[in-house]
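Engineer: What follows is the file model_25.pdb, containing PDB, C-alpha atoms:
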ATOM      1  CA  MET Z   1       0.000   0.000   0.000  1.00  0.00           C
ATOM      2  CA  LYS Z   2       2.788   2.472   0.913  1.00  0.00           C
ATOM      3  CA  LYS Z   3       4.617   1.785  -2.361  1.00  0.00           C
ATOM      4  CA  ARG Z   4       1.562   2.926  -4.272  1.00  0.00           C
ATOM      5  CA  LEU Z   5       1.590   6.298  -2.484  1.00  0.00           C
ATOM      6  CA  ILE Z   6       5.206   7.120  -3.431  1.00  0.00           C
ATOM      7  CA  PRO Z   7       4.405   8.156  -7.042  1.00  0.00           C
ATOM      8  CA  LEU Z   8       1.479  10.228  -5.782  1.00  0.00           C
ATOM      9  CA  GLY Z   9       3.738  11.957  -3.239  1.00  0.00           C
ATOM     10  CA  LEU Z  10       6.376  12.689  -5.884  1.00  0.00           C
ATOM     11  CA  PHE Z  11       3.691  14.040  -8.202  1.00  0.00           C
ATOM     12  CA  MET Z  12       2.410  16.357  -5.450  1.00  0.00           C
ATOM     13  CA  VAL Z  13       5.931  17.700  -4.776  1.00  0.00           C
ATOM     14  CA  LEU Z  14       6.425  18.316  -8.500  1.00  0.00           C
ATOM     15  CA  LEU Z  15       3.057  20.066  -8.674  1.00  0.00           C
ATOM     16  CA  VAL Z  16       4.038  22.410  -5.810  1.00  0.00           C
ATOM     17  CA  PHE Z  17       7.317  23.368  -7.547  1.00  0.00           C
ATOM     18  CA  LEU Z  18       5.462  23.965 -10.814  1.00  0.00           C
ATOM     19  CA  ALA Z  19       2.898  26.173  -9.090  1.00  0.00           C
ATOM     20  CA  ILE Z  20       5.648  28.244  -7.440  1.00  0.00           C
ATOM     21  CA  GLY Z  21       7.487  28.608 -10.751  1.00  0.00           C
ATOM     22  CA  LEU Z  22       4.373  29.828 -12.552  1.00  0.00           C
ATOM     23  CA  THR Z  23       3.948  32.699 -10.077  1.00  0.00           C
ATOM     24  CA  ARG Z  24       7.403  34.167 -10.767  1.00  0.00           C
ATOM     25  CA  ASP Z  25       8.296  36.781 -13.362  1.00  0.00           C
ATOM     26  CA  PRO Z  26      10.863  35.263 -15.754  1.00  0.00           C
ATOM     27  CA  HIS Z  27      12.470  38.697 -16.239  1.00  0.00           C
ATOM     28  CA  GLU Z  28      13.277  38.944 -12.543  1.00  0.00           C
ATOM     29  CA  ILE Z  29      16.187  36.583 -12.214  1.00  0.00           C
ATOM     30  CA  PRO Z  30      17.915  37.151  -8.888  1.00  0.00           C
ATOM     31  CA  SER Z  31      21.508  38.248  -9.249  1.00  0.00           C
ATOM     32  CA  PRO Z  32      24.108  36.988  -6.788  1.00  0.00           C
ATOM     33  CA  LEU Z  33      25.741  40.434  -7.022  1.00  0.00           C
ATOM     34  CA  ILE Z  34      22.816  42.351  -5.473  1.00  0.00           C
ATOM     35  CA  GLY Z  35      24.007  43.713  -2.142  1.00  0.00           C
ATOM     36  CA  LYS Z  36      27.663  43.084  -2.965  1.00  0.00           C
ATOM     37  CA  PRO Z  37      30.392  45.489  -4.095  1.00  0.00           C
ATOM     38  CA  ALA Z  38      30.356  46.139  -7.838  1.00  0.00           C
ATOM     39  CA  PRO Z  39      33.369  44.807  -9.699  1.00  0.00           C
ATOM     40  CA  VAL Z  40      36.038  47.483  -9.985  1.00  0.00           C
ATOM     41  CA  PHE Z  41      37.146  48.230 -13.530  1.00  0.00           C
ATOM     42  CA  THR Z  42      38.961  50.709 -15.726  1.00  0.00           C
ATOM     43  CA  ALA Z  43      37.930  51.011 -19.371  1.00  0.00           C
ATOM     44  CA  PRO Z  44      38.762  53.144 -22.391  1.00  0.00           C
ATOM     45  CA  VAL Z  45      36.336  55.980 -23.070  1.00  0.00           C
ATOM     46  CA  LEU Z  46      34.451  55.462 -26.327  1.00  0.00           C
ATOM     47  CA  GLY Z  47      35.829  57.724 -29.061  1.00  0.00           C
ATOM     48  CA  GLN Z  48      38.455  59.378 -26.845  1.00  0.00           C
ATOM     49  CA  ALA Z  49      41.789  57.707 -27.488  1.00  0.00           C
ATOM     50  CA  GLY Z  50      44.023  57.494 -24.443  1.00  0.00           C
ATOM     51  CA  GLN Z  51      41.286  58.431 -21.946  1.00  0.00           C
ATOM     52  CA  THR Z  52      39.952  55.948 -19.420  1.00  0.00           C
ATOM     53  CA  PHE Z  53      37.066  55.726 -16.995  1.00  0.00           C
ATOM     54  CA  ALA Z  54      37.562  54.112 -13.577  1.00  0.00           C
ATOM     55  CA  SER Z  55      34.572  52.824 -11.653  1.00  0.00           C
ATOM     56  CA  LYS Z  56      36.306  53.657  -8.359  1.00  0.00           C
ATOM     57  CA  ASP Z  57      35.909  57.352  -9.267  1.00  0.00           C
ATOM     58  CA  MET Z  58      32.146  56.905  -8.850  1.00  0.00           C
ATOM     59  CA  LEU Z  59      32.369  56.261  -5.101  1.00  0.00           C
ATOM     60  CA  GLY Z  60      30.089  58.722  -3.323  1.00  0.00           C
ATOM     61  CA  LYS Z  61      27.656  58.807  -6.276  1.00  0.00           C
ATOM     62  CA  VAL Z  62      24.606  56.790  -7.257  1.00  0.00           C
ATOM     63  CA  TRP Z  63      24.993  55.619 -10.846  1.00  0.00           C
ATOM     64  CA  LEU Z  64      23.714  53.177 -13.428  1.00  0.00           C
ATOM     65  CA  LEU Z  65      25.914  50.920 -15.547  1.00  0.00           C
ATOM     66  CA  ASN Z  66      23.998  50.141 -18.750  1.00  0.00           C
ATOM     67  CA  THR Z  67      25.400  47.477 -21.062  1.00  0.00           C
ATOM     68  CA  TRP Z  68      24.540  47.957 -24.727  1.00  0.00           C
ATOM     69  CA  ALA Z  69      25.915  47.306 -28.210  1.00  0.00           C
ATOM     70  CA  SER Z  70      25.284  48.517 -31.741  1.00  0.00           C
ATOM     71  CA  TRP Z  71      24.384  44.965 -32.793  1.00  0.00           C
ATOM     72  CA  CYS Z  72      21.790  44.577 -30.018  1.00  0.00           C
ATOM     73  CA  VAL Z  73      18.187  44.627 -31.234  1.00  0.00           C
ATOM     74  CA  ALA Z  74      16.690  44.968 -27.738  1.00  0.00           C
ATOM     75  CA  CYS Z  75      18.991  47.950 -27.083  1.00  0.00           C
ATOM     76  CA  ARG Z  76      17.172  49.844 -29.834  1.00  0.00           C
ATOM     77  CA  GLN Z  77      13.949  49.319 -27.907  1.00  0.00           C
ATOM     78  CA  GLU Z  78      15.449  50.605 -24.645  1.00  0.00           C
ATOM     79  CA  HIS Z  79      17.644  53.417 -25.948  1.00  0.00           C
ATOM     80  CA  PRO Z  80      14.952  56.057 -26.697  1.00  0.00           C
ATOM     81  CA  LEU Z  81      13.613  55.596 -23.165  1.00  0.00           C
ATOM     82  CA  LEU Z  82      17.055  56.266 -21.699  1.00  0.00           C
ATOM     83  CA  VAL Z  83      17.534  59.326 -23.925  1.00  0.00           C
ATOM     84  CA  GLU Z  84      14.234  60.750 -22.616  1.00  0.00           C
ATOM     85  CA  PHE Z  85      14.889  59.589 -19.048  1.00  0.00           C
ATOM     86  CA  VAL Z  86      18.109  61.587 -18.650  1.00  0.00           C
ATOM     87  CA  LYS Z  87      16.372  64.790 -19.733  1.00  0.00           C
ATOM     88  CA  THR Z  88      14.320  64.855 -16.522  1.00  0.00           C
ATOM     89  CA  ASN Z  89      16.248  62.592 -14.132  1.00  0.00           C
ATOM     90  CA  PRO Z  90      19.678  63.548 -12.796  1.00  0.00           C
ATOM     91  CA  LEU Z  91      21.138  60.043 -12.752  1.00  0.00           C
ATOM     92  CA  ILE Z  92      24.674  59.348 -13.944  1.00  0.00           C
ATOM     93  CA  ILE Z  93      24.501  56.617 -16.571  1.00  0.00           C
ATOM     94  CA  ILE Z  94      27.688  54.944 -17.714  1.00  0.00           C
ATOM     95  CA  GLY Z  95      27.218  53.104 -20.991  1.00  0.00           C
ATOM     96  CA  LEU Z  96      29.267  49.934 -21.390  1.00  0.00           C
ATOM     97  CA  ASP Z  97      29.643  49.221 -25.119  1.00  0.00           C
ATOM     98  CA  TYR Z  98      29.779  45.432 -24.841  1.00  0.00           C
ATOM     99  CA  LYS Z  99      31.681  43.264 -27.343  1.00  0.00           C
ATOM    100  CA  ASP Z 100      31.328  45.895 -30.035  1.00  0.00           C
ATOM    101  CA  LYS Z 101      33.565  47.703 -32.486  1.00  0.00           C
ATOM    102  CA  GLU Z 102      34.310  51.205 -31.299  1.00  0.00           C
ATOM    103  CA  ALA Z 103      33.434  52.760 -34.670  1.00  0.00           C
ATOM    104  CA  ASP Z 104      30.071  50.978 -34.679  1.00  0.00           C
ATOM    105  CA  GLY Z 105      29.323  52.180 -31.140  1.00  0.00           C
ATOM    106  CA  LEU Z 106      30.133  55.775 -32.072  1.00  0.00           C
ATOM    107  CA  LYS Z 107      27.919  55.617 -35.167  1.00  0.00           C
ATOM    108  CA  TRP Z 108      25.091  54.132 -33.117  1.00  0.00           C
ATOM    109  CA  LEU Z 109      25.223  56.915 -30.497  1.00  0.00           C
ATOM    110  CA  ALA Z 110      25.420  59.571 -33.222  1.00  0.00           C
ATOM    111  CA  ARG Z 111      22.334  58.109 -34.877  1.00  0.00           C
ATOM    112  CA  TYR Z 112      20.141  57.351 -31.842  1.00  0.00           C
ATOM    113  CA  GLY Z 113      21.374  59.898 -29.282  1.00  0.00           C
ATOM    114  CA  ASN Z 114      23.668  59.622 -26.294  1.00  0.00           C
ATOM    115  CA  PRO Z 115      22.052  59.291 -22.858  1.00  0.00           C
ATOM    116  CA  TYR Z 116      25.362  58.471 -21.201  1.00  0.00           C
ATOM    117  CA  THR Z 117      27.416  60.645 -18.896  1.00  0.00           C
ATOM    118  CA  GLN Z 118      30.292  58.538 -20.167  1.00  0.00           C
ATOM    119  CA  ALA Z 119      30.383  55.681 -22.675  1.00  0.00           C
ATOM    120  CA  VAL Z 120      33.156  53.148 -22.257  1.00  0.00           C
ATOM    121  CA  VAL Z 121      34.415  50.207 -24.301  1.00  0.00           C
ATOM    122  CA  ASP Z 122      34.317  46.556 -23.261  1.00  0.00           C
ATOM    123  CA  ALA Z 123      35.546  45.087 -26.546  1.00  0.00           C
ATOM    124  CA  ASP Z 124      36.501  41.678 -25.163  1.00  0.00           C
ATOM    125  CA  GLY Z 125      33.585  41.422 -22.721  1.00  0.00           C
ATOM    126  CA  ARG Z 126      35.707  41.012 -19.583  1.00  0.00           C
ATOM    127  CA  ILE Z 127      33.933  43.747 -17.632  1.00  0.00           C
ATOM    128  CA  GLY Z 128      30.594  42.257 -18.615  1.00  0.00           C
ATOM    129  CA  ILE Z 129      31.768  38.839 -17.436  1.00  0.00           C
ATOM    130  CA  ASP Z 130      32.745  40.307 -14.060  1.00  0.00           C
ATOM    131  CA  PHE Z 131      29.210  41.724 -13.747  1.00  0.00           C
ATOM    132  CA  GLY Z 132      27.622  38.433 -14.835  1.00  0.00           C
ATOM    133  CA  VAL Z 133      26.187  39.849 -18.058  1.00  0.00           C
ATOM    134  CA  TYR Z 134      24.805  37.128 -20.280  1.00  0.00           C
ATOM    135  CA  GLY Z 135      22.823  39.281 -22.688  1.00  0.00           C
ATOM    136  CA  VAL Z 136      22.470  42.943 -23.499  1.00  0.00           C
ATOM    137  CA  PRO Z 137      20.949  45.170 -22.432  1.00  0.00           C
ATOM    138  CA  GLU Z 138      21.458  44.689 -18.739  1.00  0.00           C
ATOM    139  CA  SER Z 139      21.778  47.477 -16.194  1.00  0.00           C
ATOM    140  CA  PHE Z 140      23.145  47.728 -12.666  1.00  0.00           C
ATOM    141  CA  LEU Z 141      22.239  50.456 -10.174  1.00  0.00           C
ATOM    142  CA  ILE Z 142      25.218  51.104  -7.915  1.00  0.00           C
ATOM    143  CA  ASP Z 143      25.009  53.067  -4.672  1.00  0.00           C
ATOM    144  CA  LYS Z 144      27.367  55.630  -3.152  1.00  0.00           C
ATOM    145  CA  ALA Z 145      29.404  52.902  -1.429  1.00  0.00           C
ATOM    146  CA  GLY Z 146      29.899  51.021  -4.701  1.00  0.00           C
ATOM    147  CA  VAL Z 147      27.359  48.294  -3.899  1.00  0.00           C
ATOM    148  CA  ILE Z 148      25.002  46.903  -6.548  1.00  0.00           C
ATOM    149  CA  ARG Z 149      21.427  47.586  -5.436  1.00  0.00           C
ATOM    150  CA  TYR Z 150      19.384  46.630  -8.508  1.00  0.00           C
ATOM    151  CA  LYS Z 151      19.801  44.723 -11.741  1.00  0.00           C
ATOM    152  CA  GLN Z 152      17.582  45.156 -14.782  1.00  0.00           C
ATOM    153  CA  ILE Z 153      17.729  42.187 -17.128  1.00  0.00           C
ATOM    154  CA  GLY Z 154      16.683  43.073 -20.639  1.00  0.00           C
ATOM    155  CA  PRO Z 155      15.525  46.476 -21.822  1.00  0.00           C
ATOM    156  CA  PHE Z 156      14.063  49.003 -19.422  1.00  0.00           C
ATOM    157  CA  THR Z 157      10.407  49.763 -19.943  1.00  0.00           C
ATOM    158  CA  GLU Z 158       8.610  52.940 -18.929  1.00  0.00           C
ATOM    159  CA  GLU Z 159       7.075  50.975 -16.043  1.00  0.00           C
ATOM    160  CA  ALA Z 160      10.422  49.655 -14.809  1.00  0.00           C
ATOM    161  CA  LEU Z 161      11.926  53.148 -14.918  1.00  0.00           C
ATOM    162  CA  ARG Z 162       8.936  54.690 -13.131  1.00  0.00           C
ATOM    163  CA  ASP Z 163       8.144  51.946 -10.627  1.00  0.00           C
ATOM    164  CA  LYS Z 164      11.567  50.492  -9.809  1.00  0.00           C
ATOM    165  CA  LEU Z 165      14.506  52.649 -10.860  1.00  0.00           C
ATOM    166  CA  ILE Z 166      13.311  56.167  -9.961  1.00  0.00           C
ATOM    167  CA  PRO Z 167      12.077  55.278  -6.433  1.00  0.00           C
ATOM    168  CA  LEU Z 168      15.274  53.359  -5.705  1.00  0.00           C
ATOM    169  CA  VAL Z 169      17.490  56.203  -6.969  1.00  0.00           C
ATOM    170  CA  LYS Z 170      15.562  58.656  -4.743  1.00  0.00           C
ATOM    171  CA  GLU Z 171      15.971  56.354  -1.746  1.00  0.00           C
ATOM    172  CA  LEU Z 172      19.710  55.901  -2.359  1.00  0.00           C
ATOM    173  CA  ASN Z 173      20.278  59.643  -2.764  1.00  0.00           C
ATOM    174  CA  LEU Z 174      18.793  60.493   0.672  1.00  0.00           C
TER
END
In structure tokens, how does this file's structure come out?
Structural biologist:
Amino acid sequence: MKKRLIPLGLFMVLLVFLAIGLTRDPHEIPSPLIGKPAPVFTAPVLGQAGQTFASKDMLGKVWLLNTWASWCVACRQEHPLLVEFVKTNPLIIIGLDYKDKEADGLKWLARYGNPYTQAVVDADGRIGIDFGVYGVPESFLIDKAGVIRYKQIGPFTEEALRDKLIPLVKELNL
């Protein structure tokens, strides 16, 4: 009799896990970096030979690292929102041109606008790897102490900017 209940018990456990999984948003994948110091990096500034940007210089400031690339289709969806966002929101956005050719990145920004305080080059993807980037666009909100507080996987939407990013930036700037 007990042996007959084992498959039923296993089925019930599987059903519980399935029900939990169906209630989660697939775009909200928890990042192991949330609450931990952001990887420190130095990168060449896009289009400015010999100049570099160092993430350690951002200590004391709340800022967003936005990974993008000229070859990224989803980045074209997000980019106009960021261009409009910076017009009314005083957030420093560092653009990380991920696995892209510098000339292509420059052309892309000239064509679609530049929402970035600084755009930097990650030609070989090493900075992205340190941040755990597995697809662009991805963005990381970093607090004044250099700790990652939020990760946006995929393109920002108006709702994500309004409901998640702006309130968190206000809270971190207090």
Engineer: Using all atoms listed in the file, can you tell me which of Z:Met58, Z:Leu46, Z:Val133, Z:Val40 comes closest to Gly95 (chain Z)?
Structural biologist: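 Closest to Gly95 (chain Z), using all atoms listed in the file: Z:Leu46.
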Engineer: Please write the residues picked by the PyMOL selection byres ((chain Z and resi 31-35) around 6) on this file as an MDAnalysis selection string.
Structural biologist: chainID Z and resid 30 36 147:149
Engineer: Let me make sure I understand: among Z:Asp57, Z:Asp122, Z:Glu102, Z:Glu84, which one has the smallest atom-to-atom distance to Ser70 (chain Z) if we use only C-alpha atoms?
Structural biologist: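 When distances to Ser70 (chain Z) are compared using only C-alpha atoms, the smallest one comes from Z:Glu102.
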Engineer: Using the chain letters and numbers from the file, give me the residues hit by the PyMOL selection byres ((chain Z and resi 155) around 7), as a PyMOL selection string.
Structural biologist: chain Z and resi 74-75+77-78+137-138+153-154+156-157
Engineer: Can you spit out the residues from that selection as an mmCIF file, in the frame of the given file, using C-alpha atoms?
Structural biologist:
data_model
loop_
_atom_site.group_PDB
_atom_site.id
_atom_site.type_symbol
_atom_site.label_atom_id
_atom_site.label_comp_id
_atom_site.auth_asym_id
_atom_site.auth_seq_id
_atom_site.Cartn_x
_atom_site.Cartn_y
_atom_site.Cartn_z
ATOM 1 C CA ALA Z 74 16.690 44.968 -27.738
ATOM 2 C CA CYS Z 75 18.991 47.950 -27.083
ATOM 3 C CA GLN Z 77 13.949 49.319 -27.907
ATOM 4 C CA GLU Z 78 15.449 50.605 -24.645
ATOM 5 C CA PRO Z 137 20.949 45.170 -22.432
ATOM 6 C CA GLU Z 138 21.458 44.689 -18.739
ATOM 7 C CA ILE Z 153 17.729 42.187 -17.128
ATOM 8 C CA GLY Z 154 16.683 43.073 -20.639
ATOM 9 C CA PHE Z 156 14.063 49.003 -19.422
ATOM 10 C CA THR Z 157 10.407 49.763 -19.943
#
Engineer: To one decimal place, how far is CA of Gly125 (chain Z) from CA of Leu96 (chain Z) in Å?
Structural biologist: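 Going from CA of Gly125 (chain Z) over to CA of Leu96 (chain Z), I get 9.6 Å.
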Engineer: Take the PyMOL selection byres ((chain Z and resi 39) around 12), run it mentally on this structure, and tell me the resulting residues as a list in words.
Structural biologist: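 On the file shown, the PyMOL selection byres ((chain Z and resi 39) around 12) covers Leu33, Ile34, Lys36, Pro37, Ala38, Val40, Phe41, Thr42, Ala54, Ser55, Lys56, Leu65, Arg126, Ile127, Gly128, Ile129, Asp130, Phe131, Gly132, Phe140, Ile142, Gly146, Val147 and Ile148 of chain Z.
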Engineer: For a quick check of understanding, using all atoms listed in the file, which of Z:Ala103, Z:Ala49, Z:Leu81, Z:Leu91 has the smallest distance to Thr117 (chain Z)?
Structural biologist: Z:Leu91
Engineer: Skip His79 (chain Z) itself and residues of its chain fewer than 4 positions away, then list as a ChimeraX atom specification all residues within 8 Å of it, counting only C-alpha atoms.
Structural biologist: /Z:75,83,112,115
Engineer: Can you measure CA of Pro44 (chain Z) to CA of Val136 (chain Z) for me? One decimal in Å is fine.
Structural biologist: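 Separation of CA of Pro44 (chain Z) and CA of Val136 (chain Z): 19.3 Å.
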Engineer: Quote the spacing between CA of Ala123 (chain Z) and CA of Leu109 (chain Z) in Å to one decimal place.
Structural biologist: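 Result for CA of Ala123 (chain Z) versus CA of Leu109 (chain Z): 16.2 Å, one decimal.
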Engineer: Could you tell me which of Z:Ala145, Z:Leu82, Z:Ala119, Z:Ala69 comes closest to Lys99 (chain Z) if we count all atoms listed in the file?
Structural biologist: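 The shortest atom-to-atom distance to Lys99 (chain Z) comes from Z:Ala69.
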Engineer: Please, could all heavy atoms be added to region 156-167 of chain Z and the result written as an mmCIF file, keeping the file's coordinate frame?
Structural biologist:
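Final output, saved to selection-v2.cif:
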data_model
loop_
_atom_site.group_PDB
_atom_site.id
_atom_site.type_symbol
_atom_site.label_atom_id
_atom_site.label_comp_id
_atom_site.auth_asym_id
_atom_site.auth_seq_id
_atom_site.Cartn_x
_atom_site.Cartn_y
_atom_site.Cartn_z
ATOM 1 N N PHE Z 156 14.954 48.264 -20.315
ATOM 2 C CA PHE Z 156 14.063 49.003 -19.422
ATOM 3 C C PHE Z 156 12.774 49.299 -20.168
ATOM 4 O O PHE Z 156 12.773 49.538 -21.373
ATOM 5 C CB PHE Z 156 14.693 50.343 -18.991
ATOM 6 C CG PHE Z 156 15.527 50.256 -17.762
ATOM 7 C CD1 PHE Z 156 16.900 50.406 -17.837
ATOM 8 C CD2 PHE Z 156 14.957 50.045 -16.512
ATOM 9 C CE1 PHE Z 156 17.691 50.343 -16.702
ATOM 10 C CE2 PHE Z 156 15.734 49.976 -15.371
ATOM 11 C CZ PHE Z 156 17.107 50.132 -15.469
ATOM 12 N N THR Z 157 11.691 49.308 -19.428
ATOM 13 C CA THR Z 157 10.407 49.763 -19.943
ATOM 14 C C THR Z 157 10.055 51.036 -19.183
ATOM 15 O O THR Z 157 10.689 51.350 -18.163
ATOM 16 C CB THR Z 157 9.310 48.711 -19.692
ATOM 17 O OG1 THR Z 157 9.185 48.513 -18.269
ATOM 18 C CG2 THR Z 157 9.635 47.391 -20.394
ATOM 19 N N GLU Z 158 9.048 51.745 -19.654
ATOM 20 C CA GLU Z 158 8.610 52.940 -18.929
ATOM 21 C C GLU Z 158 8.191 52.569 -17.507
ATOM 22 O O GLU Z 158 8.481 53.300 -16.560
ATOM 23 C CB GLU Z 158 7.449 53.611 -19.671
ATOM 24 C CG GLU Z 158 7.867 54.287 -20.956
ATOM 25 C CD GLU Z 158 6.711 54.972 -21.670
ATOM 26 O OE1 GLU Z 158 5.694 55.296 -21.014
ATOM 27 O OE2 GLU Z 158 6.837 55.199 -22.881
ATOM 28 N N GLU Z 159 7.524 51.421 -17.363
ATOM 29 C CA GLU Z 159 7.075 50.975 -16.043
ATOM 30 C C GLU Z 159 8.254 50.665 -15.126
ATOM 31 O O GLU Z 159 8.232 51.039 -13.948
ATOM 32 C CB GLU Z 159 6.173 49.726 -16.177
ATOM 33 C CG GLU Z 159 4.872 49.972 -16.897
ATOM 34 C CD GLU Z 159 5.014 50.031 -18.427
ATOM 35 O OE1 GLU Z 159 6.008 49.496 -18.973
ATOM 36 O OE2 GLU Z 159 4.153 50.643 -19.069
ATOM 37 N N ALA Z 160 9.259 49.989 -15.639
ATOM 38 C CA ALA Z 160 10.422 49.655 -14.809
ATOM 39 C C ALA Z 160 11.161 50.916 -14.380
ATOM 40 O O ALA Z 160 11.613 51.014 -13.234
ATOM 41 C CB ALA Z 160 11.360 48.717 -15.560
ATOM 42 N N LEU Z 161 11.280 51.882 -15.280
ATOM 43 C CA LEU Z 161 11.926 53.148 -14.918
ATOM 44 C C LEU Z 161 11.121 53.857 -13.836
ATOM 45 O O LEU Z 161 11.672 54.288 -12.822
ATOM 46 C CB LEU Z 161 12.073 54.048 -16.143
ATOM 47 C CG LEU Z 161 13.103 53.624 -17.187
ATOM 48 C CD1 LEU Z 161 12.976 54.481 -18.439
ATOM 49 C CD2 LEU Z 161 14.509 53.687 -16.631
ATOM 50 N N ARG Z 162 9.817 53.956 -14.050
ATOM 51 C CA ARG Z 162 8.936 54.690 -13.131
ATOM 52 C C ARG Z 162 8.771 53.979 -11.791
ATOM 53 O O ARG Z 162 8.852 54.600 -10.732
ATOM 54 C CB ARG Z 162 7.574 54.904 -13.794
ATOM 55 C CG ARG Z 162 6.567 55.657 -12.939
ATOM 56 C CD ARG Z 162 5.179 55.690 -13.562
ATOM 57 N NE ARG Z 162 4.639 54.335 -13.632
ATOM 58 C CZ ARG Z 162 4.209 53.759 -14.752
ATOM 59 N NH1 ARG Z 162 4.238 54.397 -15.894
ATOM 60 N NH2 ARG Z 162 3.738 52.525 -14.726
ATOM 61 N N ASP Z 163 8.526 52.667 -11.839
ATOM 62 C CA ASP Z 163 8.144 51.946 -10.627
ATOM 63 C C ASP Z 163 9.314 51.358 -9.838
ATOM 64 O O ASP Z 163 9.170 51.098 -8.647
ATOM 65 C CB ASP Z 163 7.171 50.812 -10.976
ATOM 66 C CG ASP Z 163 5.889 51.327 -11.620
ATOM 67 O OD1 ASP Z 163 5.574 52.523 -11.465
ATOM 68 O OD2 ASP Z 163 5.202 50.530 -12.292
ATOM 69 N N LYS Z 164 10.432 51.117 -10.493
ATOM 70 C CA LYS Z 164 11.567 50.492 -9.809
ATOM 71 C C LYS Z 164 12.771 51.416 -9.702
ATOM 72 O O LYS Z 164 13.266 51.677 -8.615
ATOM 73 C CB LYS Z 164 11.966 49.198 -10.521
ATOM 74 C CG LYS Z 164 10.929 48.118 -10.418
ATOM 75 C CD LYS Z 164 11.377 46.868 -11.126
ATOM 76 C CE LYS Z 164 10.281 45.803 -11.062
ATOM 77 N NZ LYS Z 164 10.646 44.596 -11.790
ATOM 78 N N LEU Z 165 13.249 51.903 -10.858
ATOM 79 C CA LEU Z 165 14.506 52.649 -10.860
ATOM 80 C C LEU Z 165 14.384 53.999 -10.153
ATOM 81 O O LEU Z 165 15.170 54.298 -9.253
ATOM 82 C CB LEU Z 165 15.019 52.837 -12.292
ATOM 83 C CG LEU Z 165 16.409 53.469 -12.383
ATOM 84 C CD1 LEU Z 165 17.460 52.550 -11.780
ATOM 85 C CD2 LEU Z 165 16.756 53.798 -13.820
ATOM 86 N N ILE Z 166 13.425 54.813 -10.539
ATOM 87 C CA ILE Z 166 13.311 56.167 -9.961
ATOM 88 C C ILE Z 166 13.125 56.127 -8.443
ATOM 89 O O ILE Z 166 13.837 56.835 -7.717
ATOM 90 C CB ILE Z 166 12.205 56.987 -10.661
ATOM 91 C CG1 ILE Z 166 12.628 57.294 -12.107
ATOM 92 C CG2 ILE Z 166 11.903 58.265 -9.897
ATOM 93 C CD1 ILE Z 166 11.554 57.951 -12.969
ATOM 94 N N PRO Z 167 12.204 55.313 -7.902
ATOM 95 C CA PRO Z 167 12.077 55.278 -6.433
ATOM 96 C C PRO Z 167 13.358 54.811 -5.731
ATOM 97 O O PRO Z 167 13.720 55.348 -4.678
ATOM 98 C CB PRO Z 167 10.939 54.274 -6.190
ATOM 99 C CG PRO Z 167 10.165 54.246 -7.460
ATOM 100 C CD PRO Z 167 11.161 54.501 -8.550
#
